[in-house]
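Student: For reference, the file query12.cif (mmCIF, C-alpha atoms and all ligand atoms) is included below:
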```cif
data_data
loop_
_atom_site.label_atom_id
_atom_site.label_comp_id
_atom_site.auth_asym_id
_atom_site.auth_seq_id
_atom_site.Cartn_x
_atom_site.Cartn_y
_atom_site.Cartn_z
CA MET N 1 -41.39 -9.01 -18.66
CA PRO N 2 -39.68 -6.71 -21.15
CA ILE N 3 -41.56 -5.23 -24.08
CA THR N 4 -39.74 -6.27 -27.24
CA ILE N 5 -41.20 -6.08 -30.75
CA SER N 6 -44.79 -4.96 -30.26
CA ASP N 7 -46.13 -2.79 -27.48
CA HIS N 8 -47.75 -5.86 -25.90
CA ALA N 9 -45.82 -7.31 -23.02
CA PRO N 10 -46.06 -10.94 -21.94
CA ILE N 11 -46.67 -11.35 -18.24
CA LEU N 12 -45.54 -14.08 -15.91
CA VAL N 13 -48.09 -14.95 -13.24
CA SER N 14 -46.98 -16.67 -10.08
CA THR N 15 -49.77 -18.36 -8.17
CA GLU N 16 -47.57 -19.01 -5.17
CA GLY N 17 -47.86 -16.81 -2.13
CA LYS N 18 -49.94 -13.75 -1.54
CA PHE N 19 -48.82 -10.24 -2.27
CA LYS N 20 -49.62 -7.67 0.37
CA LYS N 21 -49.33 -4.00 -0.45
CA PRO N 22 -46.60 -2.59 1.79
CA LEU N 23 -47.29 0.32 4.12
CA GLN N 24 -46.21 3.60 2.55
CA ASN N 25 -43.17 4.91 4.36
CA PHE N 26 -42.70 8.57 5.03
CA LYS N 27 -41.12 10.43 2.10
CA PHE N 28 -40.33 14.10 2.07
CA GLU N 29 -42.22 16.09 -0.60
CA ASN N 30 -40.26 18.90 -2.22
CA TRP N 31 -43.38 20.99 -2.84
CA TRP N 32 -43.79 21.38 0.93
CA LEU N 33 -40.83 23.74 0.82
CA MET N 34 -43.00 26.18 -1.13
CA LYS N 35 -45.58 26.37 1.64
CA GLU N 36 -45.09 29.47 3.76
CA ASP N 37 -45.68 27.74 7.08
CA PHE N 38 -43.31 24.84 6.32
CA GLN N 39 -40.17 26.34 7.86
CA PRO N 40 -41.70 27.44 11.19
CA CYS N 41 -43.58 24.16 11.56
CA ALA N 42 -40.61 21.91 10.78
CA LYS N 43 -38.19 24.01 12.78
CA SER N 44 -40.26 24.02 15.94
CA ALA N 45 -40.90 20.26 15.63
CA TRP N 46 -37.15 19.72 15.34
CA GLN N 47 -36.25 21.98 18.23
CA SER N 48 -38.85 20.44 20.53
CA THR N 49 -36.83 17.18 20.62
CA ALA N 50 -33.35 18.56 21.28
CA HIS N 51 -32.53 16.05 24.03
CA ARG N 52 -33.34 12.94 21.99
CA PRO N 53 -31.20 10.85 19.60
CA PHE N 54 -31.08 11.85 15.94
CA TYR N 55 -33.19 8.99 14.57
CA ALA N 56 -35.93 9.72 17.15
CA ARG N 57 -35.87 13.36 16.11
CA THR N 58 -36.24 12.64 12.39
CA ASN N 59 -39.06 10.23 13.26
CA HIS N 60 -40.83 12.89 15.26
CA LEU N 61 -40.32 15.42 12.48
CA ALA N 62 -41.71 12.99 9.90
CA GLY N 63 -44.81 12.44 12.04
CA THR N 64 -45.34 16.17 12.47
CA LEU N 65 -44.94 16.82 8.74
CA LYS N 66 -47.35 14.03 7.86
CA GLU N 67 -49.93 15.56 10.19
CA TRP N 68 -49.23 19.06 8.86
CA CYS N 69 -49.64 17.85 5.28
CA ARG N 70 -52.92 16.12 6.03
CA LYS N 71 -54.44 19.46 6.97
CA LYS N 72 -53.41 20.96 3.63
CA LYS N 73 -55.78 20.88 0.74
CA PRO N 74 -54.51 18.49 -1.94
CA ILE N 75 -52.84 20.47 -4.72
CA ASN N 76 -55.27 19.20 -7.35
CA GLN N 77 -58.27 20.27 -5.30
CA GLU N 78 -56.77 23.70 -4.74
CA LEU N 79 -56.13 24.03 -8.47
CA ASN N 80 -59.72 23.12 -9.35
CA LEU N 81 -61.05 25.61 -6.83
CA LEU N 82 -58.89 28.43 -8.20
CA GLU N 83 -59.83 27.55 -11.75
CA GLU N 84 -63.49 27.76 -10.81
CA GLN N 85 -63.03 31.20 -9.22
CA ILE N 86 -61.08 32.53 -12.18
CA LYS N 87 -63.71 31.24 -14.56
CA ASN N 88 -66.44 32.98 -12.53
CA ILE N 89 -64.69 36.31 -12.86
CA GLN N 90 -64.04 35.91 -16.56
CA MET N 91 -67.67 34.98 -17.23
CA LYS N 92 -68.88 38.34 -15.96
CA PRO N 93 -69.33 41.30 -18.29
CA MET N 94 -66.12 43.21 -18.85
CA GLN N 95 -66.90 46.23 -16.65
CA GLU N 96 -67.86 44.05 -13.66
CA GLN N 97 -64.70 41.98 -13.70
CA ASN N 98 -62.38 42.39 -10.74
CA HIS N 99 -59.01 42.37 -12.47
CA LYS N 100 -57.01 42.76 -9.31
CA LEU N 101 -58.61 39.66 -7.81
CA GLU N 102 -58.23 37.84 -11.09
CA ALA N 103 -54.52 38.61 -11.21
CA SER N 104 -53.95 37.41 -7.66
CA LEU N 105 -55.92 34.23 -8.33
CA MET N 106 -53.86 33.62 -11.45
CA ASN N 107 -50.72 34.04 -9.36
CA ARG N 108 -51.86 31.46 -6.87
CA TYR N 109 -52.84 29.17 -9.71
CA GLU N 110 -49.36 29.44 -11.14
CA GLU N 111 -47.82 28.73 -7.73
CA ASN N 112 -49.86 25.61 -7.27
CA LEU N 113 -49.02 24.41 -10.74
CA THR N 114 -45.34 24.72 -9.83
CA LYS N 115 -45.95 22.66 -6.69
CA LEU N 116 -47.70 20.01 -8.74
CA THR N 117 -44.82 19.91 -11.20
CA GLU N 118 -42.41 19.47 -8.30
CA PHE N 119 -44.64 16.69 -7.02
CA TYR N 120 -44.52 14.81 -10.29
CA SER N 121 -40.89 15.49 -11.18
CA GLN N 122 -39.86 14.04 -7.81
CA ARG N 123 -41.66 10.84 -8.74
CA ALA N 124 -40.86 10.58 -12.43
CA LYS N 125 -37.11 11.02 -11.85
CA LYS N 126 -36.82 12.18 -15.39
CA HIS N 127 -34.65 15.20 -15.86
CA TRP N 128 -36.78 16.69 -18.58
CA ALA N 129 -39.59 16.86 -16.07
CA THR N 130 -37.98 19.95 -14.65
CA LYS N 131 -37.75 21.64 -18.00
CA GLY N 132 -40.33 20.19 -20.37
CA ASP N 133 -44.08 20.53 -20.50
CA ARG N 134 -45.45 20.46 -17.06
CA ASN N 135 -48.20 18.27 -15.84
CA THR N 136 -49.03 16.22 -18.92
CA SER N 137 -50.49 12.77 -18.84
CA TYR N 138 -47.15 11.48 -20.11
CA PHE N 139 -45.60 12.37 -16.76
CA HIS N 140 -48.33 10.74 -14.83
CA ASN N 141 -47.84 7.55 -16.77
CA ALA N 142 -44.10 7.72 -16.30
CA VAL N 143 -44.72 7.97 -12.56
CA ILE N 144 -47.01 4.97 -12.49
CA LYS N 145 -44.67 2.90 -14.61
CA ARG N 146 -41.72 3.71 -12.41
CA ARG N 147 -43.61 2.78 -9.30
CA ARG N 148 -44.50 -0.63 -10.73
CA LYS N 149 -40.97 -1.25 -11.85
CA ASN N 150 -39.66 -0.41 -8.40
CA GLN N 151 -41.96 -2.73 -6.56
CA ILE N 152 -40.30 -5.88 -5.27
CA VAL N 153 -42.95 -8.55 -5.08
CA SER N 154 -40.84 -11.47 -3.93
CA ILE N 155 -37.29 -12.31 -3.02
CA THR N 156 -35.32 -15.49 -2.49
CA ASP N 157 -33.04 -15.48 0.55
CA THR N 158 -29.69 -17.22 1.06
CA ASN N 159 -31.45 -20.41 2.21
CA ASN N 160 -33.38 -20.50 -1.06
CA VAL N 161 -36.69 -19.63 0.57
CA THR N 162 -38.86 -17.25 -1.43
CA HIS N 163 -40.68 -14.55 0.55
CA PHE N 164 -43.75 -12.62 -0.56
CA ASN N 165 -44.59 -10.78 2.64
CA PRO N 166 -43.25 -7.19 2.43
CA GLU N 167 -41.91 -7.29 5.98
CA LYS N 168 -40.07 -10.55 5.29
CA ILE N 169 -38.71 -9.07 2.05
CA ALA N 170 -37.37 -6.09 3.98
CA HIS N 171 -35.75 -8.46 6.48
CA VAL N 172 -33.94 -10.37 3.76
CA PHE N 173 -32.41 -7.10 2.57
CA VAL N 174 -31.41 -5.91 6.01
CA ASP N 175 -29.88 -9.31 6.86
CA TYR N 176 -27.93 -9.34 3.64
CA PHE N 177 -26.33 -5.98 4.30
CA LYS N 178 -25.81 -6.73 7.97
CA GLN N 179 -23.82 -9.79 7.02
CA ASN N 180 -21.87 -7.91 4.43
CA PHE N 181 -20.87 -5.07 6.67
CA GLN N 182 -20.32 -6.91 9.91
CA THR N 183 -16.72 -7.79 10.42
CA ASN N 184 -14.44 -8.85 13.21
CA ASN N 185 -11.90 -6.36 12.02
CA ALA N 186 -11.05 -3.92 14.81
CA ASP N 187 -11.37 -1.12 12.30
CA HIS N 188 -15.09 -1.69 11.76
CA GLY N 189 -17.84 0.88 12.09
CA ARG N 190 -16.49 3.23 9.46
CA PRO N 191 -16.93 1.63 6.10
CA TYR N 192 -14.46 3.76 4.23
CA LEU N 193 -12.56 6.05 6.55
CA ARG N 194 -10.06 4.85 9.07
CA THR N 195 -10.44 5.98 12.67
CA GLN N 196 -6.74 6.43 13.30
CA PRO N 197 -4.20 7.89 10.97
CA ASP N 198 -1.38 5.50 10.07
CA ALA N 199 1.25 5.48 12.75
CA HIS N 200 4.15 5.98 10.37
CA GLN N 201 2.66 8.93 8.61
CA GLN N 202 0.42 11.65 9.91
CA ASP N 203 -1.96 11.48 6.98
CA PRO N 204 -3.97 14.68 6.75
CA THR N 205 -6.83 13.13 4.79
CA THR N 206 -8.17 10.88 7.52
CA SER N 207 -9.52 13.75 9.59
CA ILE N 208 -13.23 14.31 9.99
CA PRO N 209 -15.17 16.59 7.64
CA ASP N 210 -16.42 19.78 9.29
CA LYS N 211 -19.74 21.55 8.91
CA GLN N 212 -18.64 23.53 5.87
CA GLU N 213 -17.44 20.39 4.12
CA ILE N 214 -20.66 18.49 4.85
CA TRP N 215 -22.60 21.45 3.46
CA GLN N 216 -20.53 21.32 0.27
CA ILE N 217 -21.10 17.58 -0.11
CA LEU N 218 -24.81 18.09 0.40
CA ASN N 219 -24.90 20.67 -2.36
CA GLU N 220 -23.12 18.29 -4.70
CA MET N 221 -25.79 15.64 -4.24
CA ARG N 222 -28.90 15.39 -6.38
CA ARG N 223 -31.86 17.07 -4.68
CA ASN N 224 -34.19 14.25 -5.58
CA ALA N 225 -31.89 11.30 -4.98
CA SER N 226 -33.74 8.62 -3.03
CA PRO N 227 -33.74 9.49 0.67
CA GLY N 228 -32.34 7.30 3.43
CA PRO N 229 -34.55 5.42 5.89
CA ASP N 230 -35.61 8.69 7.54
CA GLY N 231 -37.45 9.65 4.31
CA LEU N 232 -35.83 13.09 4.34
CA ASN N 233 -34.09 13.90 1.06
CA VAL N 234 -31.26 16.24 0.08
CA ALA N 235 -33.69 19.04 -0.81
CA PHE N 236 -34.95 18.94 2.76
CA TYR N 237 -31.51 18.99 4.41
CA ILE N 238 -30.46 21.92 2.23
CA ALA N 239 -33.63 23.89 3.04
CA ALA N 240 -33.37 23.10 6.75
CA TRP N 241 -29.59 23.49 7.03
CA GLU N 242 -29.80 26.70 9.04
CA TRP N 243 -31.42 24.91 11.99
CA ILE N 244 -30.37 21.31 11.37
CA GLY N 245 -26.76 21.75 10.20
CA ASP N 246 -25.18 21.63 13.67
CA ASP N 247 -27.05 18.46 14.58
CA VAL N 248 -26.11 16.75 11.32
CA THR N 249 -22.48 17.72 11.87
CA ASP N 250 -22.60 16.31 15.42
CA LEU N 251 -24.07 13.10 14.06
CA VAL N 252 -21.30 12.73 11.48
CA MET N 253 -18.70 13.37 14.21
CA GLN N 254 -20.20 10.63 16.38
CA GLN N 255 -20.27 8.22 13.47
CA GLU N 256 -16.69 8.98 12.68
CA GLY N 257 -15.47 8.25 16.20
CA GLU N 258 -13.85 10.60 18.66
CA PRO N 259 -13.73 14.17 17.47
CA GLN N 260 -10.14 14.82 16.42
CA PRO N 261 -8.29 18.04 16.00
CA ARG N 262 -8.51 19.28 12.45
CA VAL N 263 -5.30 18.11 10.91
CA ILE N 264 -6.04 18.69 7.26
CA ALA N 265 -2.87 20.14 5.86
CA ASP N 266 -3.24 23.57 4.33
CA ASN N 267 -2.25 22.37 0.88
CA THR N 268 -4.91 19.63 0.98
CA LYS N 269 -7.52 22.10 2.11
CA ALA N 270 -6.54 24.44 -0.67
CA LEU N 271 -6.73 21.59 -3.17
CA LEU N 272 -10.24 20.61 -2.01
CA LYS N 273 -11.35 24.20 -2.23
CA GLN N 274 -9.94 24.60 -5.72
CA ILE N 275 -11.78 21.46 -6.84
CA TRP N 276 -15.12 22.67 -5.54
CA LYS N 277 -14.64 26.07 -7.08
CA ALA N 278 -13.45 24.97 -10.52
CA LYS N 279 -16.28 25.59 -12.93
CA ASP N 280 -14.88 23.47 -15.75
CA ILE N 281 -14.68 20.23 -13.74
CA ALA N 282 -17.77 18.06 -14.21
CA PRO N 283 -19.70 17.62 -10.94
CA ARG N 284 -19.20 13.86 -10.99
CA VAL N 285 -15.47 14.35 -11.33
CA GLN N 286 -15.55 16.80 -8.42
CA THR N 287 -17.33 14.28 -6.25
CA PHE N 288 -14.87 11.61 -7.35
CA ALA N 289 -11.93 13.88 -6.52
CA TRP N 290 -13.36 14.61 -3.11
CA ARG N 291 -13.81 10.91 -2.35
CA LEU N 292 -10.31 10.17 -3.58
CA ILE N 293 -8.70 12.83 -1.43
CA ARG N 294 -10.79 12.02 1.62
CA LYS N 295 -9.97 8.33 1.23
CA ALA N 296 -13.52 7.30 0.58
CA LEU N 297 -13.11 5.45 -2.70
CA PRO N 298 -14.02 1.77 -2.37
CA THR N 299 -10.70 0.39 -3.57
CA GLY N 300 -10.14 -3.34 -3.26
CA LYS N 301 -7.97 -2.88 -0.19
CA ARG N 302 -10.55 -0.73 1.56
CA ALA N 303 -13.80 -2.41 0.48
CA GLY N 304 -12.32 -5.90 0.78
CA LYS N 305 -12.15 -5.43 4.54
CA TYR N 306 -15.91 -5.26 4.74
CA SER N 307 -16.99 -8.02 2.42
CA LYS N 308 -15.51 -11.38 1.59
CA HIS N 309 -17.14 -11.01 -1.83
CA ILE N 310 -14.84 -8.16 -2.77
CA ASP N 311 -11.33 -8.88 -4.01
CA LYS N 312 -8.51 -7.01 -2.37
CA GLU N 313 -6.38 -7.51 -5.43
CA CYS N 314 -6.19 -5.54 -8.65
CA SER N 315 -8.18 -7.29 -11.37
CA ARG N 316 -5.39 -6.64 -13.89
CA CYS N 317 -2.20 -7.57 -12.10
CA SER N 318 -3.21 -9.14 -8.75
CA ALA N 319 -1.25 -6.70 -6.61
CA GLU N 320 -3.02 -5.25 -3.58
CA GLU N 321 -5.32 -2.56 -4.88
CA ASP N 322 -5.14 0.83 -3.15
CA GLU N 323 -5.42 4.33 -4.66
CA GLN N 324 -1.75 4.59 -5.38
CA HIS N 325 -1.93 1.32 -7.28
CA ILE N 326 -5.05 2.11 -9.33
CA PHE N 327 -3.92 5.53 -10.40
CA PHE N 328 -0.13 5.40 -10.51
CA THR N 329 1.69 2.11 -9.99
CA CYS N 330 -0.43 -0.53 -11.75
CA PRO N 331 1.18 -1.40 -15.12
CA TYR N 332 -2.10 -0.38 -16.75
CA ALA N 333 -2.05 3.07 -15.11
CA ARG N 334 1.64 3.51 -15.89
CA ALA N 335 0.96 2.73 -19.55
CA ALA N 336 -1.92 5.21 -19.59
CA TRP N 337 0.26 8.00 -18.17
CA PHE N 338 3.05 7.13 -20.56
CA ALA N 339 0.76 7.41 -23.60
CA LYS N 340 -0.33 10.53 -25.45
CA PRO N 341 -0.81 13.32 -24.33
CA TRP N 342 0.99 12.86 -21.01
CA TYR N 343 4.19 10.97 -21.89
CA ILE N 344 4.97 10.73 -18.18
CA ARG N 345 7.13 7.98 -16.71
CA MET N 346 5.25 7.47 -13.49
CA ASP N 347 7.91 5.28 -11.84
CA ASN N 348 10.34 8.17 -11.94
CA PHE N 349 7.73 10.68 -11.04
CA ILE N 350 6.48 9.07 -7.84
CA SER N 351 9.77 7.64 -6.61
CA ASN N 352 9.91 9.81 -3.50
CA SER N 353 6.22 10.70 -3.06
CA THR N 354 4.49 9.03 -0.17
CA SER N 355 0.85 9.95 -0.73
CA ILE N 356 -1.38 10.45 -3.72
CA ILE N 357 -1.90 14.05 -2.69
CA THR N 358 1.80 14.70 -2.93
CA ILE N 359 1.85 13.08 -6.36
CA ILE N 360 -1.07 15.21 -7.55
CA LEU N 361 0.45 18.38 -6.12
CA ASN N 362 3.75 17.54 -7.78
CA LEU N 363 1.98 17.01 -11.09
CA LEU N 364 0.21 20.34 -10.70
CA SER N 365 3.38 22.22 -9.94
CA SER N 366 5.34 20.56 -12.74
CA ASP N 367 5.66 22.53 -15.95
CA HIS N 368 3.83 19.86 -17.94
CA PRO N 369 1.62 21.67 -20.48
CA HIS N 370 -1.45 19.51 -19.74
CA ALA N 371 -1.14 19.31 -15.97
CA SER N 372 -4.18 21.37 -15.01
CA LEU N 373 -6.50 20.50 -12.12
CA THR N 374 -9.28 19.60 -14.54
CA ASN N 375 -7.11 17.43 -16.78
CA ILE N 376 -5.52 15.51 -13.95
CA PHE N 377 -8.72 14.69 -12.09
CA THR N 378 -10.73 13.99 -15.21
CA PHE N 379 -8.03 11.60 -16.38
CA MET N 380 -7.94 9.88 -12.99
CA TRP N 381 -11.72 9.67 -13.04
CA CYS N 382 -11.44 7.88 -16.41
CA LEU N 383 -8.98 5.40 -14.90
CA TRP N 384 -11.46 4.82 -12.07
CA LYS N 385 -14.31 4.31 -14.52
CA VAL N 386 -12.35 1.86 -16.64
CA ARG N 387 -11.39 -0.02 -13.50
CA ASN N 388 -15.07 -0.30 -12.48
CA GLU N 389 -16.16 -1.35 -15.95
CA LYS N 390 -13.63 -4.17 -15.94
CA LEU N 391 -14.82 -5.22 -12.49
CA PHE N 392 -18.60 -5.08 -12.76
ZN ZN N 401 -2.83 -3.60 -11.08
#
```
Can you present the structure in this file as structure tokens?
Tutor:
Amino acid sequence: MPITISDHAPILVSTEGKFKKPLQNFKFENWWLMKEDFQPCAKSAWQSTAHRPFYARTNHLAGTLKEWCRKKKPINQELNLLEEQIKNIQMKPMQEQNHKLEASLMNRYEENLTKLTEFYSQRAKKHWATKGDRNTSYFHNAVIKRRRKNQIVSITDTNNVTHFNPEKIAHVFVDYFKQNFQTNNADHGRPYLRTQPDAHQQDPTTSIPDKQEIWQILNEMRRNASPGPDGLNVAFYIAAWEWIGDDVTDLVMQQEGEPQPRVIADNTKALLKQIWKAKDIAPRVQTFAWRLIRKALPTGKRAGKYSKHIDKECSRCSAEEDEQHIFFTCPYARAAWFAKPWYIRMDNFISNSTSIITIILNLLSSDHPHASLTNIFTFMWCLWKVRNEKLF
């Protein structure tokens, strides 16, 4: 229970059920990347399974890495050993000290300390961990606290049965999402992107991202964000991109349906490129802009297809909620564009534009004094944020 006035926290003890410690799943450790033999080991494990499906390959890789790690000395042990050796040298009389050896030991000590910091910062998920004092007991406590907070001890399913067994708990989660994402809609299988462009308009933004684009997305993600079920995080995919990039791209292609010819219009491509390059756009706005342009924003219209719990209608005016509505045609959005500093009458502006990209490009090429890439997307990001705050 939460700590309120004093630093003593009341606890609630449930005597029902037994709690079993769950098996630790595989999780990639960022400090492995600093080991010299990591790349050759991981690469050869990956390439030895070329004929098998992706999930089997990540499984095999995880097993190999686990085994490889087991043979490594734990970082703490290595640190103690080095400390001992350094101390031995420094205890000797000055003229007998081997300074060359001492310097190289100090180097290795420093390296291992960096690995340990990586180890803890990955667990503490505190940003100052990367900058602040390394390896203090404060970190260690932060790690332990986080782990406790993240543990799910019991869960009540839709039939009001409470489960305590970790496997059962996992099942409840999987079932929940299965139900949410399963749909009879013919368009299923791609939560946010449509397989076929609209018949009446060859929309350039429904095409499949290519290797370069996936690489860019990867670099926009947080290195330590929680990994997917394969336990491999963003830091891993970036480090292994040289030999895993093609396979990841193939996987995305398969997920996205039949490979299609690249039909991204040149102006859209240029716009995406400009967004990634712009140094004064906040990363979260860049990611937002990418999702908007690639039709991956969970608008009511899009997300409503996949869950009956999500409204298809705008929460302000009850019209069907798509991107055009949220950002340009909803009375709320129109009022926002009409206010200071834009003073734009959106109804006039979008009268003959068919897609949001056209609208954005028109805004950019207008002689409006504020219509810069950064201003437009940051403003739209604000509209998106306000929309989400109203909703959740
Ligand atoms: Zn509306």
Student: Between atom CA of N:Trp243 and atom CA of N:Pro283, what is the distance in Å, rounded to a tenth?
Tutor: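 Separation of atom CA of N:Trp243 and atom CA of N:Pro283: 26.8 Å.
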Student: Identify the residues around (0.8, 7.5, -17.3) within a radius of 12 Å, measuring from all atoms listed in the file in the coordinates stated by the file, and give them as an mmCIF file with C-alpha atoms, in the frame of the given file.
Tutor:
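Generated file (out.cif):
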```cif
data_model
loop_
_atom_site.group_PDB
_atom_site.id
_atom_site.type_symbol
_atom_site.label_atom_id
_atom_site.label_comp_id
_atom_site.auth_asym_id
_atom_site.auth_seq_id
_atom_site.Cartn_x
_atom_site.Cartn_y
_atom_site.Cartn_z
ATOM 1 C CA ILE N 326 -5.050 2.110 -9.330
ATOM 2 C CA PHE N 327 -3.920 5.530 -10.400
ATOM 3 C CA PHE N 328 -0.130 5.400 -10.510
ATOM 4 C CA THR N 329 1.690 2.110 -9.990
ATOM 5 C CA CYS N 330 -0.430 -0.530 -11.750
ATOM 6 C CA PRO N 331 1.180 -1.400 -15.120
ATOM 7 C CA TYR N 332 -2.100 -0.380 -16.750
ATOM 8 C CA ALA N 333 -2.050 3.070 -15.110
ATOM 9 C CA ARG N 334 1.640 3.510 -15.890
ATOM 10 C CA ALA N 335 0.960 2.730 -19.550
ATOM 11 C CA ALA N 336 -1.920 5.210 -19.590
ATOM 12 C CA TRP N 337 0.260 8.000 -18.170
ATOM 13 C CA PHE N 338 3.050 7.130 -20.560
ATOM 14 C CA ALA N 339 0.760 7.410 -23.600
ATOM 15 C CA LYS N 340 -0.330 10.530 -25.450
ATOM 16 C CA PRO N 341 -0.810 13.320 -24.330
ATOM 17 C CA TRP N 342 0.990 12.860 -21.010
ATOM 18 C CA TYR N 343 4.190 10.970 -21.890
ATOM 19 C CA ILE N 344 4.970 10.730 -18.180
ATOM 20 C CA ARG N 345 7.130 7.980 -16.710
ATOM 21 C CA MET N 346 5.250 7.470 -13.490
ATOM 22 C CA ASP N 347 7.910 5.280 -11.840
ATOM 23 C CA ASN N 348 10.340 8.170 -11.940
ATOM 24 C CA PHE N 349 7.730 10.680 -11.040
ATOM 25 C CA ILE N 350 6.480 9.070 -7.840
ATOM 26 C CA LEU N 363 1.980 17.010 -11.090
ATOM 27 C CA ILE N 376 -5.520 15.510 -13.950
ATOM 28 C CA PHE N 379 -8.030 11.600 -16.380
ATOM 29 C CA MET N 380 -7.940 9.880 -12.990
ATOM 30 C CA LEU N 383 -8.980 5.400 -14.900
#
```
Student: As number ranges by chain, please: every protein or nucleic acid residue near ligand ZN 401 (chain N) (cut-off 6 Å, counting only C-alpha atoms and all ligand atoms).
Tutor: N: 314, 316-317, 319, 330
Student: Taking into account only C-alpha atoms, which residue in the set N:Ala103, N:Leu271, N:Ile169, N:Leu33 is nearest to N:Ile155?
Tutor: N:Ile169
Student: For a quick check of understanding, using only C-alpha atoms, which of N:Asn80, N:Ser355, N:Asn88, N:Asn219 has the smallest distance to N:Asn233?
Tutor: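 With only C-alpha atoms as the atom set, the closest residue is N:Asn219.
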Student: Atom CA of N:Glu313 and atom CA of N:Arg294 are how many Å apart?
Tutor: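 A separation of 21.2 Å between them.
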Student: Find the spatial neighbours of stretch 35-40 of chain N, counting all atoms listed in the file, within a cut-off of 10 Å - ignore same-chain residues fewer than 2 positions away - and output them as an mmCIF file with C-alpha atoms, in the frame of the given file.
Tutor:
```cif
data_model
loop_
_atom_site.group_PDB
_atom_site.id
_atom_site.type_symbol
_atom_site.label_atom_id
_atom_site.label_comp_id
_atom_site.auth_asym_id
_atom_site.auth_seq_id
_atom_site.Cartn_x
_atom_site.Cartn_y
_atom_site.Cartn_z
ATOM 1 C CA ASN N 30 -40.260 18.900 -2.220
ATOM 2 C CA TRP N 31 -43.380 20.990 -2.840
ATOM 3 C CA TRP N 32 -43.790 21.380 0.930
ATOM 4 C CA LEU N 33 -40.830 23.740 0.820
ATOM 5 C CA ALA N 42 -40.610 21.910 10.780
ATOM 6 C CA LYS N 43 -38.190 24.010 12.780
ATOM 7 C CA SER N 44 -40.260 24.020 15.940
ATOM 8 C CA ALA N 45 -40.900 20.260 15.630
ATOM 9 C CA TRP N 46 -37.150 19.720 15.340
ATOM 10 C CA LEU N 65 -44.940 16.820 8.740
ATOM 11 C CA TRP N 68 -49.230 19.060 8.860
ATOM 12 C CA CYS N 69 -49.640 17.850 5.280
ATOM 13 C CA LYS N 72 -53.410 20.960 3.630
ATOM 14 C CA GLU N 111 -47.820 28.730 -7.730
ATOM 15 C CA ASN N 112 -49.860 25.610 -7.270
ATOM 16 C CA LYS N 115 -45.950 22.660 -6.690
ATOM 17 C CA ALA N 239 -33.630 23.890 3.040
ATOM 18 C CA ALA N 240 -33.370 23.100 6.750
ATOM 19 C CA TRP N 243 -31.420 24.910 11.990
#
```
Student: Mind checking which residues fall within 12 Å of N:Pro53, counting only C-alpha atoms, ignoring those fewer than 3 positions away in the same chain, and posting them as a list of chain:residue names?
Tutor: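 After dropping sequence-adjacent residues, the list is N:Trp46, N:Thr49, N:Ala50, N:Ala56, N:Arg57, N:Thr58, N:Asn59, N:His60, N:Asp247, N:Val248, N:Asp250, N:Leu251, N:Gln254.
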